[in-house]
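Colleague: Take a look at this one; I'll ask things after.
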Amino acid sequence: MTFYQPAGNEIELFRAAADNGLPVLIKGPTGCGKTRFVRYMAEKLGRPVYTVACHDDLTAADLVGRHLIGPEGTYWQDGPLTRAVREGGICYLDEVVEARKDTTVVLHPLADDRRELPIERTGEVLSAAPGFMLVVSYNPGYQSLLKGMKPSTRQRFVSMSFDYPDAAAEQTIVIEESGCDRELAGQLVSLARSIRNLKDHDLEEAASTRLLIHTAHLVRAGVAVTEACRAGMIEPLSDDEETVSALMEVVYAVF
Ligand code: ADP
């Protein structure tokens, strides 16, 4: 069973949405556990999950499916959304605001009580199998002013906000995921919290739980702790030399 450390009532909420066929929107910064949560819930509910990382070249055909040419002529191949619709699985669209509007328009009839997927190319209209659930996530801190989600789309979803875990929970996660000891996990968590609290930094993103886990893995593999912090946590956050040295000062203050 996949490990997931809950932060609040998200398990109950997700289950209630799943039981009622409601789509779910998860907001939160990158690396805070959104994907892990969806995988965990899919296992708990016994449903397959199809994950799609959205980007601006994603087409409706990438989601729905397309005709392919094989040795015996053309045949239809379902995309991940269609498979989830047929099998009663979860379709998880990560960073959904990255996808173009003309791509996500196929989601609308699936996200309300019609629960239908019209497949333009074949003329079929599929009714979603009972277990089908649409889950989307996005990072509100990232280009949200430019893109965001249309209110008409947002209002179709049960929405929950994720954030970095509290210190004790994050320590548990780092230990579980990397196998490191309590002390190192505690130090990495306080380092991350100091970095997250820095004012006036020009980082696009804060240090995520994922980066702490990477750093702990490096230390376990024998890399000196300050170098592990540099490679696992600081360099991934910034390309600016001055920012990197300022952040390394925080590292030297902890270790
Ligand atoms: P997101 O989808 O929000 O970008 P992920 O779910 O991929 O982030 O989380 C990144 C990593 O951090 C996961 O692979 C997992 O190791 C760890 N993680 C973060 N939050 C949790 C949590 N609550 N429980 C267990 N692992 C977590």
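Chain identifiers are assigned as A, B, and so on, following the order in which chains appear in the structure tokens; residues are numbered from 1 within each chain, and ligands are numbered from 1 in order of appearance.
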From a DSSP pass on the backbone, collect the residues of range 103-194 of chain A flagged as strand (DSSP E) and hand them back as a list in words.

Modeller: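 Secondary structure check on range 103-194 of chain A, strand (DSSP E): Glu116, Leu117, Pro118, Ile119, Glu124, Val125, Leu126, Ser127, Met133, Leu134, Val135, Val136, Ser137, Tyr138, Val158, Ser159, Met160 and Ser161 of chain A.
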
Colleague: List every residue of chain A that has an atom at most 6 Å from any atom of ligand 1, giving for each one its closest atom pair and the distance in Å to one decimal, counting only C-alpha atoms and all ligand atoms, sorted by chain and then by ascending residue number, as JSON lines.

Modeller:
```
{"residue": "A:Phe3", "atom": "CA", "partner": "ligand 1", "partner_atom_place_in_ligand_line": "25 (C)", "distance": 5.5}
{"residue": "A:Tyr4", "atom": "CA", "partner": "ligand 1", "partner_atom_place_in_ligand_line": "24 (N)", "distance": 3.6}
{"residue": "A:Gln5", "atom": "CA", "partner": "ligand 1", "partner_atom_place_in_ligand_line": "24 (N)", "distance": 3.8}
{"residue": "A:Pro6", "atom": "CA", "partner": "ligand 1", "partner_atom_place_in_ligand_line": "23 (N)", "distance": 5.4}
{"residue": "A:Thr30", "atom": "CA", "partner": "ligand 1", "partner_atom_place_in_ligand_line": "4 (O)", "distance": 3.8}
{"residue": "A:Gly31", "atom": "CA", "partner": "ligand 1", "partner_atom_place_in_ligand_line": "8 (O)", "distance": 3.3}
{"residue": "A:Cys32", "atom": "CA", "partner": "ligand 1", "partner_atom_place_in_ligand_line": "3 (O)", "distance": 4.0}
{"residue": "A:Gly33", "atom": "CA", "partner": "ligand 1", "partner_atom_place_in_ligand_line": "6 (O)", "distance": 3.1}
{"residue": "A:Lys34", "atom": "CA", "partner": "ligand 1", "partner_atom_place_in_ligand_line": "3 (O)", "distance": 3.7}
{"residue": "A:Thr35", "atom": "CA", "partner": "ligand 1", "partner_atom_place_in_ligand_line": "6 (O)", "distance": 3.6}
{"residue": "A:Arg36", "atom": "CA", "partner": "ligand 1", "partner_atom_place_in_ligand_line": "6 (O)", "distance": 3.7}
{"residue": "A:Ile173", "atom": "CA", "partner": "ligand 1", "partner_atom_place_in_ligand_line": "25 (C)", "distance": 5.4}
{"residue": "A:Glu177", "atom": "CA", "partner": "ligand 1", "partner_atom_place_in_ligand_line": "16 (O)", "distance": 5.5}
{"residue": "A:Thr209", "atom": "CA", "partner": "ligand 1", "partner_atom_place_in_ligand_line": "12 (O)", "distance": 5.1}
{"residue": "A:Arg210", "atom": "CA", "partner": "ligand 1", "partner_atom_place_in_ligand_line": "12 (O)", "distance": 4.2}
```

Colleague: The selected residues should be written to file as a PDB file, in the first residue's frame (atoms: C-alpha atoms).

Modeller:
```pdb
ATOM      1  CA  PHE A   3       2.285   5.571   2.067  1.00  0.00           C
ATOM      2  CA  TYR A   4       0.328   8.780   2.525  1.00  0.00           C
ATOM      3  CA  GLN A   5       0.500  11.110   5.511  1.00  0.00           C
ATOM      4  CA  PRO A   6      -2.824  12.954   5.813  1.00  0.00           C
ATOM      5  CA  THR A  30       4.427  21.653  -6.529  1.00  0.00           C
ATOM      6  CA  GLY A  31       5.822  18.700  -4.551  1.00  0.00           C
ATOM      7  CA  CYS A  32       3.356  18.963  -1.660  1.00  0.00           C
ATOM      8  CA  GLY A  33       1.762  15.534  -2.111  1.00  0.00           C
ATOM      9  CA  LYS A  34      -1.111  16.009  -4.584  1.00  0.00           C
ATOM     10  CA  THR A  35      -0.113  13.192  -6.912  1.00  0.00           C
ATOM     11  CA  ARG A  36       0.726  10.917  -4.004  1.00  0.00           C
ATOM     12  CA  ILE A 173       7.231  11.793   5.419  1.00  0.00           C
ATOM     13  CA  GLU A 177      10.289   8.062   1.966  1.00  0.00           C
ATOM     14  CA  THR A 209       8.862  18.112   0.461  1.00  0.00           C
ATOM     15  CA  ARG A 210      10.134  16.334  -2.635  1.00  0.00           C
TER      16      ARG A 210
END
```

Colleague: Near range 156-166 of chain A, within 6 Å and counting only C-alpha atoms, which residues show up once chain neighbours fewer than 5 positions away are dropped, as a list in words?

Modeller: Pro23, Val24, Leu25, Ile26, Lys27, Gly28 and Cys32 of chain A

Colleague: Taking into account only C-alpha atoms, which residue in the set A:Val244, A:Leu188, A:Ile213, A:Ala206 is nearest to Val225 in chain A?

Modeller: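 Among the listed residues, the smallest separation from Val225 in chain A belongs to A:Leu188.
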
Colleague: Between CA of Ala169 in chain A and CA of Ala207 in chain A, what is the distance, to one decimal in Å?

Modeller: 15.7 Å

Colleague: Choose the residue, out of A:Ala246, A:Met1, A:Leu22, A:Val97, that has the smallest atom-to-atom separation from Leu110 in chain A; count only C-alpha atoms.

Modeller: A:Leu22

Colleague: So how far away is CA of Leu198 in chain A from CA of Cys180 in chain A, in Å?

Modeller: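 Straight-line distance from CA of Cys180 in chain A to CA of Leu198 in chain A works out to 26.0 Å.
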
Colleague: Among range 36-139 of chain A, which residues does DSSP mark as alpha helix (DSSP H) when it is run on the backbone? Keep the chain and numbering as in the structure and answer as a CSV table (one decimal) with N, CA and C atoms, in the first residue's frame.

Modeller:
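Heads up, here's the output in part19.csv:
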```
chain,number,residue,atom,x,y,z
A,36,ARG,N,0.7,12.0,-4.9
A,36,ARG,CA,0.7,10.9,-4.0
A,36,ARG,C,-0.6,10.6,-3.4
A,37,PHE,N,-1.4,11.7,-3.1
A,37,PHE,CA,-2.7,11.6,-2.5
A,37,PHE,C,-3.7,10.9,-3.4
A,38,VAL,N,-3.6,11.3,-4.7
A,38,VAL,CA,-4.5,10.7,-5.7
A,38,VAL,C,-4.2,9.2,-5.9
A,39,ARG,N,-2.9,8.9,-5.9
A,39,ARG,CA,-2.6,7.5,-6.0
A,39,ARG,C,-3.0,6.7,-4.8
A,40,TYR,N,-2.9,7.2,-3.7
A,40,TYR,CA,-3.3,6.6,-2.4
A,40,TYR,C,-4.8,6.4,-2.4
A,41,MET,N,-5.5,7.4,-2.8
A,41,MET,CA,-7.0,7.3,-2.8
A,41,MET,C,-7.5,6.2,-3.8
A,42,ALA,N,-6.8,6.2,-5.0
A,42,ALA,CA,-7.2,5.2,-6.0
A,42,ALA,C,-7.0,3.8,-5.5
A,43,GLU,N,-5.9,3.6,-4.8
A,43,GLU,CA,-5.7,2.3,-4.2
A,43,GLU,C,-6.7,1.9,-3.1
A,44,LYS,N,-7.0,2.9,-2.3
A,44,LYS,CA,-8.0,2.7,-1.2
A,44,LYS,C,-9.4,2.4,-1.8
A,45,LEU,N,-9.7,3.1,-2.9
A,45,LEU,CA,-11.0,2.9,-3.5
A,45,LEU,C,-11.0,1.7,-4.5
A,60,ALA,N,-6.9,17.5,-27.5
A,60,ALA,CA,-8.1,16.6,-27.0
A,60,ALA,C,-7.8,15.2,-27.4
A,61,ALA,N,-7.2,14.9,-28.6
A,61,ALA,CA,-6.9,13.6,-29.0
A,61,ALA,C,-6.0,12.8,-28.0
A,62,ASP,N,-5.1,13.6,-27.4
A,62,ASP,CA,-4.2,13.0,-26.4
A,62,ASP,C,-5.0,12.4,-25.2
A,63,LEU,N,-6.1,13.1,-24.9
A,63,LEU,CA,-6.9,12.7,-23.8
A,63,LEU,C,-7.9,11.6,-24.2
A,64,VAL,N,-8.5,11.9,-25.4
A,64,VAL,CA,-9.7,11.0,-25.8
A,64,VAL,C,-9.2,9.8,-26.6
A,80,PRO,N,-6.1,8.2,-22.3
A,80,PRO,CA,-6.3,7.9,-20.9
A,80,PRO,C,-7.6,8.3,-20.3
A,81,LEU,N,-8.2,9.4,-20.8
A,81,LEU,CA,-9.5,9.8,-20.3
A,81,LEU,C,-10.6,8.8,-20.7
A,82,THR,N,-10.5,8.4,-21.9
A,82,THR,CA,-11.5,7.4,-22.4
A,82,THR,C,-11.4,6.1,-21.6
A,83,ARG,N,-10.2,5.7,-21.4
A,83,ARG,CA,-10.0,4.4,-20.6
A,83,ARG,C,-10.6,4.5,-19.3
A,84,ALA,N,-10.3,5.6,-18.6
A,84,ALA,CA,-10.9,5.8,-17.2
A,84,ALA,C,-12.4,5.9,-17.3
A,85,VAL,N,-13.0,6.5,-18.3
A,85,VAL,CA,-14.4,6.6,-18.5
A,85,VAL,C,-15.0,5.2,-18.7
A,86,ARG,N,-14.4,4.4,-19.5
A,86,ARG,CA,-14.9,3.0,-19.8
A,86,ARG,C,-14.8,2.1,-18.6
A,87,GLU,N,-13.6,2.2,-17.9
A,87,GLU,CA,-13.3,1.2,-16.8
A,87,GLU,C,-13.8,1.7,-15.5
A,101,LYS,N,-7.5,25.8,-23.6
A,101,LYS,CA,-9.0,25.7,-23.3
A,101,LYS,C,-9.7,24.7,-24.3
A,102,ASP,N,-9.3,24.7,-25.5
A,102,ASP,CA,-9.9,23.9,-26.5
A,102,ASP,C,-9.7,22.4,-26.2
A,103,THR,N,-8.7,22.1,-25.4
A,103,THR,CA,-8.4,20.7,-25.0
A,103,THR,C,-9.3,20.4,-23.8
A,104,THR,N,-9.4,21.3,-22.8
A,104,THR,CA,-10.1,20.9,-21.6
A,104,THR,C,-11.6,21.0,-21.8
A,108,HIS,N,-16.0,19.1,-19.8
A,108,HIS,CA,-17.2,19.7,-19.3
A,108,HIS,C,-18.3,18.8,-19.1
A,109,PRO,N,-18.7,18.0,-20.2
A,109,PRO,CA,-19.9,17.1,-19.9
A,109,PRO,C,-19.5,15.9,-19.0
A,110,LEU,N,-18.2,15.7,-18.7
A,110,LEU,CA,-17.9,14.7,-17.7
A,110,LEU,C,-17.9,15.2,-16.3
A,111,ALA,N,-17.7,16.6,-16.2
A,111,ALA,CA,-17.6,17.2,-14.9
A,111,ALA,C,-18.9,17.6,-14.3
```

Colleague: What's the separation between CA of Arg121 in chain A and CA of Thr59 in chain A, in Å to one decimal place?

Modeller: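 Taking CA of Arg121 in chain A as the start and CA of Thr59 in chain A as the end point, the length is 13.4 Å.
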
Colleague: Quick one: everything within 10 Å of Val250 in chain A, counting only C-alpha atoms, minus sequence neighbours fewer than 6 positions away in the same chain. Send it as a PyMOL selection string.

Modeller: chain A and resi 191-192+194-195+198

Colleague: How would the residues just picked look written out with C-alpha atoms as a PDB file, in the first residue's frame?

Modeller:
```
ATOM      1  CA  LEU A 191      16.014  24.096   6.926  1.00  0.00           C
ATOM      2  CA  ALA A 192      13.094  23.944   4.482  1.00  0.00           C
ATOM      3  CA  SER A 194      13.575  28.663   7.174  1.00  0.00           C
ATOM      4  CA  ILE A 195      13.878  28.858   3.394  1.00  0.00           C
ATOM      5  CA  LEU A 198      12.619  33.975   3.776  1.00  0.00           C
TER       6      LEU A 198
END
```

Colleague: Check the smallest atom-to-atom distance from each of A:Asp240, A:Glu120, A:Glu12, A:Glu98 to His67 in chain A using only C-alpha atoms, then report the winner.

Modeller: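 Going through A:Asp240, A:Glu120, A:Glu12, A:Glu98 one by one, the smallest distance to His67 in chain A is for A:Glu120.
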
Colleague: Just want the 7 Å neighbourhood of Met233 in chain A, counted on only C-alpha atoms, with same-chain residues fewer than 2 positions away dropped. Output as a ChimeraX atom specification.

Modeller: /A:207,211-212,215,229-231,235-237

Colleague: With N, CA and C atoms kept, could you save the residues just selected as a compact mmCIF listing (two decimals), in the first residue's frame?

Modeller:
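Okay, this is what ended up in again-v1.txt:
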```
# COMPACT_ATOMS: atom_id res chain seq x y z
N ALA A 207 10.97 25.58 -1.32
CA ALA A 207 11.54 24.23 -1.20
C ALA A 207 10.42 23.25 -0.88
N LEU A 211 12.02 17.90 -2.48
CA LEU A 211 13.45 18.25 -2.42
C LEU A 211 14.10 17.73 -1.14
N LEU A 212 13.35 17.75 -0.05
CA LEU A 212 13.89 17.24 1.21
C LEU A 212 14.19 15.75 1.10
N THR A 215 17.30 15.18 -0.93
CA THR A 215 18.49 15.51 -0.15
C THR A 215 18.80 14.39 0.84
N CYS A 229 22.62 19.12 0.46
CA CYS A 229 21.64 20.21 0.48
C CYS A 229 21.79 21.08 -0.76
N ARG A 230 23.05 21.34 -1.13
CA ARG A 230 23.26 22.18 -2.32
C ARG A 230 22.64 21.52 -3.55
N ALA A 231 22.97 20.24 -3.76
CA ALA A 231 22.53 19.57 -4.99
C ALA A 231 21.06 19.16 -4.95
N GLU A 235 20.34 24.21 -5.39
CA GLU A 235 20.51 24.43 -6.85
C GLU A 235 19.19 24.24 -7.62
N PRO A 236 18.35 23.26 -7.23
CA PRO A 236 17.08 23.14 -7.97
C PRO A 236 16.16 24.36 -7.81
N LEU A 237 16.42 25.19 -6.78
CA LEU A 237 15.52 26.32 -6.54
C LEU A 237 15.87 27.56 -7.33
```
